[in-house]
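Heads up: the structure comes next, in structure tokens.
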Amino acid sequence: MAAGCATTQFERHLNDGDWAMAAEEFANDTSLLDSETALFRAAQLYSDPDKDTYNPALGKELYNKFVYRFPRSKNTEFAVAQRALLGEILQVQQDASKRIYAAENEARKVVISTQSLLLQIDSLTKITTTSQSKRDSLNNAIAKLEAELKDKDEQLRGLRAELAKLKQIDLGTKNGR
């Protein structure tokens, strides 16, 4: 539609490239849901990751309404494809969020375990001063705990690296990149 032919405030905002105002206008004017062109353009508005209005869940919902209300439109095939793509994007985001949550929980467990090991090492270090005969066996226990601590630290570094990667993936899917 040419810029001079815009008939609604929503269309004028779209034609002017004012995405936020177009989104606000669409949200406030429910009559636009009955317009084939407006509903399709709104679905596109929320489905474009390069726009600040990007909202894949809302975009998918609007494409779904479009397909239901206008099944014979020339844009229905495109809307069906976009709806499926947005569904996949939402699933990837959900999966990434679950993986991030699991990695964060595992990292918390490793931190707690590490703290416990540090307390044990500290306690054993203090006890080693009490007697020479106990000192050798306690030093062996300390060495074992320190080795465990080193292993836990390596696990924690690995989990943090994995968490960072997962967050990057999650941010990338949220930004559409």
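Lettering and numbering for the structure tokens are positional, with chains as A, B, ... in the shown order, residues counted from 1 in each chain, and ligands counted from 1 in the shown order.
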| query | Leaving out segment 57-70 of chain A and any residue of its chain fewer than 5 positions from it, which residues lie within 10 Å of it when counting only C-alpha atoms, given as JSON, numbers by chain? | reply | {"A": [33, 34, 35, 36, 37, 38, 39, 40, 41, 42, 43, 44, 45, 46, 47, 48, 75, 76, 77, 78, 79, 80, 81, 82, 83, 84, 85, 86, 87, 89, 90]}
Atoms to include: N, CA and C atoms. Write the selected residues as a tab-separated table (two decimals), in the first residue's frame.
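Output below, filename again07.tsv:
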```
chain	number	residue	atom	x	y	z
A	33	LEU	N	-8.57	-6.25	13.96
A	33	LEU	CA	-8.55	-7.71	13.87
A	33	LEU	C	-9.47	-8.23	12.77
A	34	ASP	N	-10.43	-7.41	12.34
A	34	ASP	CA	-11.36	-7.81	11.29
A	34	ASP	C	-10.88	-7.42	9.90
A	35	SER	N	-9.76	-6.73	9.83
A	35	SER	CA	-9.20	-6.30	8.55
A	35	SER	C	-8.10	-7.27	8.12
A	36	GLU	N	-8.27	-7.85	6.95
A	36	GLU	CA	-7.28	-8.80	6.44
A	36	GLU	C	-5.90	-8.16	6.36
A	37	THR	N	-5.83	-6.99	5.78
A	37	THR	CA	-4.55	-6.31	5.60
A	37	THR	C	-3.93	-5.93	6.94
A	38	ALA	N	-4.73	-5.35	7.82
A	38	ALA	CA	-4.20	-4.90	9.11
A	38	ALA	C	-3.72	-6.08	9.95
A	39	LEU	N	-4.50	-7.15	9.98
A	39	LEU	CA	-4.12	-8.31	10.78
A	39	LEU	C	-2.83	-8.93	10.25
A	40	PHE	N	-2.72	-9.04	8.94
A	40	PHE	CA	-1.51	-9.61	8.34
A	40	PHE	C	-0.29	-8.72	8.63
A	41	ARG	N	-0.46	-7.41	8.46
A	41	ARG	CA	0.66	-6.50	8.69
A	41	ARG	C	1.05	-6.46	10.17
A	42	ALA	N	0.08	-6.60	11.06
A	42	ALA	CA	0.39	-6.65	12.49
A	42	ALA	C	1.18	-7.91	12.81
A	43	ALA	N	0.79	-9.03	12.22
A	43	ALA	CA	1.53	-10.28	12.43
A	43	ALA	C	2.98	-10.11	11.97
A	44	GLN	N	3.16	-9.45	10.83
A	44	GLN	CA	4.51	-9.19	10.34
A	44	GLN	C	5.27	-8.26	11.29
A	45	LEU	N	4.58	-7.27	11.81
A	45	LEU	CA	5.19	-6.30	12.73
A	45	LEU	C	5.79	-6.99	13.95
A	46	TYR	N	5.07	-7.96	14.49
A	46	TYR	CA	5.54	-8.65	15.70
A	46	TYR	C	6.48	-9.82	15.38
A	47	SER	N	6.60	-10.18	14.12
A	47	SER	CA	7.40	-11.34	13.73
A	47	SER	C	8.78	-10.98	13.18
A	48	ASP	N	9.05	-9.71	13.05
A	48	ASP	CA	10.32	-9.26	12.48
A	48	ASP	C	11.34	-9.02	13.59
A	75	ASN	N	-2.30	-14.40	1.13
A	75	ASN	CA	-1.21	-14.43	2.10
A	75	ASN	C	-1.29	-15.61	3.08
A	76	THR	N	-2.29	-16.45	2.94
A	76	THR	CA	-2.49	-17.54	3.91
A	76	THR	C	-1.32	-18.51	3.92
A	77	GLU	N	-0.81	-18.88	2.76
A	77	GLU	CA	0.31	-19.83	2.70
A	77	GLU	C	1.54	-19.26	3.41
A	78	PHE	N	1.82	-18.00	3.17
A	78	PHE	CA	2.94	-17.35	3.85
A	78	PHE	C	2.69	-17.31	5.36
A	79	ALA	N	1.47	-16.98	5.76
A	79	ALA	CA	1.13	-16.89	7.19
A	79	ALA	C	1.30	-18.25	7.87
A	80	VAL	N	0.91	-19.32	7.19
A	80	VAL	CA	1.07	-20.67	7.75
A	80	VAL	C	2.56	-20.98	7.95
A	81	ALA	N	3.37	-20.64	6.96
A	81	ALA	CA	4.82	-20.89	7.06
A	81	ALA	C	5.43	-20.07	8.18
A	82	GLN	N	5.05	-18.81	8.30
A	82	GLN	CA	5.58	-17.94	9.36
A	82	GLN	C	5.15	-18.44	10.74
A	83	ARG	N	3.90	-18.87	10.82
A	83	ARG	CA	3.39	-19.40	12.09
A	83	ARG	C	4.21	-20.60	12.53
A	84	ALA	N	4.53	-21.48	11.60
A	84	ALA	CA	5.35	-22.66	11.91
A	84	ALA	C	6.76	-22.25	12.33
A	85	LEU	N	7.34	-21.31	11.61
A	85	LEU	CA	8.68	-20.83	11.95
A	85	LEU	C	8.71	-20.21	13.35
A	86	LEU	N	7.72	-19.39	13.64
A	86	LEU	CA	7.66	-18.77	14.97
A	86	LEU	C	7.45	-19.82	16.06
A	87	GLY	N	6.70	-20.87	15.74
A	87	GLY	CA	6.53	-21.97	16.69
A	87	GLY	C	7.85	-22.65	16.99
A	89	ILE	N	10.84	-21.24	16.70
A	89	ILE	CA	11.64	-20.26	17.46
A	89	ILE	C	11.24	-20.30	18.93
A	90	LEU	N	9.95	-20.32	19.20
A	90	LEU	CA	9.49	-20.36	20.59
A	90	LEU	C	9.92	-21.65	21.27
```
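Note that the spacing between atom CA of Ile142 of chain A and atom CA of Leu118 of chain A amounts to 9.9 Å.
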| message | With distances taken over only C-alpha atoms, which residue among A:Asp50, A:Asp16, A:Asp170, A:Glu24 lies nearest Ala96 of chain A? | response | A:Asp170
| task | Could you find all residues in segment 28-154 of chain A that DSSP calls alpha helix (DSSP H) from the backbone, and write them as an NGL selection string? | result | :A and (28 or 36-47 or 56-69 or 76-127 or 132-154)
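The space between atom CA of Pro56 of chain A and atom CA of Trp19 of chain A spans 15.1 Å.
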| task | Quick one: everything within 8 Å of Ala22 of chain A, counting only C-alpha atoms, minus sequence neighbours fewer than 5 positions away in the same chain. Send it as a PyMOL selection string. | result | chain A and resi 9-14
Take the residues from that selection and put them in a file with all heavy atoms, as a PDB file, in the first residue's frame.
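Saved to again.pdb:
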```
ATOM      1  N   GLN A   9      -4.896   4.956  11.330  1.00  0.00           N
ATOM      2  CA  GLN A   9      -3.722   5.441  12.057  1.00  0.00           C
ATOM      3  C   GLN A   9      -2.656   4.346  12.102  1.00  0.00           C
ATOM      4  O   GLN A   9      -1.467   4.623  11.981  1.00  0.00           O
ATOM      5  CB  GLN A   9      -4.146   5.870  13.474  1.00  0.00           C
ATOM      6  CG  GLN A   9      -3.154   6.733  14.180  1.00  0.00           C
ATOM      7  CD  GLN A   9      -2.919   8.072  13.484  1.00  0.00           C
ATOM      8  OE1 GLN A   9      -3.745   8.593  12.744  1.00  0.00           O
ATOM      9  NE2 GLN A   9      -1.757   8.637  13.704  1.00  0.00           N
ATOM     10  N   PHE A  10      -3.096   3.117  12.275  1.00  0.00           N
ATOM     11  CA  PHE A  10      -2.186   1.966  12.289  1.00  0.00           C
ATOM     12  C   PHE A  10      -1.378   1.917  10.992  1.00  0.00           C
ATOM     13  O   PHE A  10      -0.151   1.813  11.009  1.00  0.00           O
ATOM     14  CB  PHE A  10      -2.998   0.678  12.479  1.00  0.00           C
ATOM     15  CG  PHE A  10      -2.224  -0.594  12.297  1.00  0.00           C
ATOM     16  CD1 PHE A  10      -1.249  -0.986  13.211  1.00  0.00           C
ATOM     17  CD2 PHE A  10      -2.466  -1.424  11.206  1.00  0.00           C
ATOM     18  CE1 PHE A  10      -0.540  -2.161  13.042  1.00  0.00           C
ATOM     19  CE2 PHE A  10      -1.766  -2.607  11.038  1.00  0.00           C
ATOM     20  CZ  PHE A  10      -0.792  -2.970  11.958  1.00  0.00           C
ATOM     21  N   GLU A  11      -2.061   2.015   9.850  1.00  0.00           N
ATOM     22  CA  GLU A  11      -1.382   1.970   8.557  1.00  0.00           C
ATOM     23  C   GLU A  11      -0.438   3.167   8.385  1.00  0.00           C
ATOM     24  O   GLU A  11       0.661   3.019   7.845  1.00  0.00           O
ATOM     25  CB  GLU A  11      -2.403   1.940   7.422  1.00  0.00           C
ATOM     26  CG  GLU A  11      -3.171   0.631   7.358  1.00  0.00           C
ATOM     27  CD  GLU A  11      -4.360   0.690   6.410  1.00  0.00           C
ATOM     28  OE1 GLU A  11      -4.877   1.806   6.152  1.00  0.00           O
ATOM     29  OE2 GLU A  11      -4.769  -0.369   5.935  1.00  0.00           O
ATOM     30  N   ARG A  12      -0.859   4.330   8.859  1.00  0.00           N
ATOM     31  CA  ARG A  12       0.002   5.513   8.737  1.00  0.00           C
ATOM     32  C   ARG A  12       1.296   5.307   9.535  1.00  0.00           C
ATOM     33  O   ARG A  12       2.383   5.623   9.058  1.00  0.00           O
ATOM     34  CB  ARG A  12      -0.729   6.776   9.195  1.00  0.00           C
ATOM     35  CG  ARG A  12      -1.712   7.298   8.143  1.00  0.00           C
ATOM     36  CD  ARG A  12      -2.290   8.647   8.518  1.00  0.00           C
ATOM     37  NE  ARG A  12      -3.356   8.595   9.502  1.00  0.00           N
ATOM     38  CZ  ARG A  12      -4.607   8.239   9.242  1.00  0.00           C
ATOM     39  NH1 ARG A  12      -4.962   7.901   8.028  1.00  0.00           N
ATOM     40  NH2 ARG A  12      -5.511   8.234  10.202  1.00  0.00           N
ATOM     41  N   HIS A  13       1.169   4.763  10.740  1.00  0.00           N
ATOM     42  CA  HIS A  13       2.369   4.507  11.556  1.00  0.00           C
ATOM     43  C   HIS A  13       3.279   3.474  10.882  1.00  0.00           C
ATOM     44  O   HIS A  13       4.495   3.625  10.879  1.00  0.00           O
ATOM     45  CB  HIS A  13       1.988   4.034  12.956  1.00  0.00           C
ATOM     46  CG  HIS A  13       1.392   5.097  13.822  1.00  0.00           C
ATOM     47  ND1 HIS A  13       1.986   6.316  14.043  1.00  0.00           N
ATOM     48  CD2 HIS A  13       0.226   5.112  14.529  1.00  0.00           C
ATOM     49  CE1 HIS A  13       1.228   7.035  14.849  1.00  0.00           C
ATOM     50  NE2 HIS A  13       0.151   6.328  15.160  1.00  0.00           N
ATOM     51  N   LEU A  14       2.679   2.454  10.317  1.00  0.00           N
ATOM     52  CA  LEU A  14       3.476   1.442   9.610  1.00  0.00           C
ATOM     53  C   LEU A  14       4.202   2.067   8.425  1.00  0.00           C
ATOM     54  O   LEU A  14       5.393   1.834   8.224  1.00  0.00           O
ATOM     55  CB  LEU A  14       2.595   0.285   9.124  1.00  0.00           C
ATOM     56  CG  LEU A  14       2.137  -0.721  10.160  1.00  0.00           C
ATOM     57  CD1 LEU A  14       1.193  -1.734   9.522  1.00  0.00           C
ATOM     58  CD2 LEU A  14       3.308  -1.447  10.799  1.00  0.00           C
TER      59      LEU A  14
END
```
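When atom CA of Ala107 of chain A is paired with atom CA of Asp153 of chain A, their separation reads 10.1 Å.
Closest approach to Glu154 of chain A among A:Ile121, A:Val111, A:Ala20, A:Val92: A:Val111, based on only C-alpha atoms.
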| query | Near Leu117 of chain A, counting only C-alpha atoms, which residues have an atom at most 7 Å away, once you skip same-chain residues fewer than 4 positions from it, shown as a PyMOL selection string? | reply | chain A and resi 113+121+145+149
Mind writing the picked residues with C-alpha atoms as a CSV table (one decimal), in the first residue's frame?
```
chain,number,residue,atom,x,y,z
A,113,SER,CA,29.8,-28.8,47.4
A,121,ILE,CA,39.8,-28.5,54.6
A,145,LEU,CA,39.9,-33.0,49.6
A,149,LEU,CA,38.1,-29.3,45.3
```
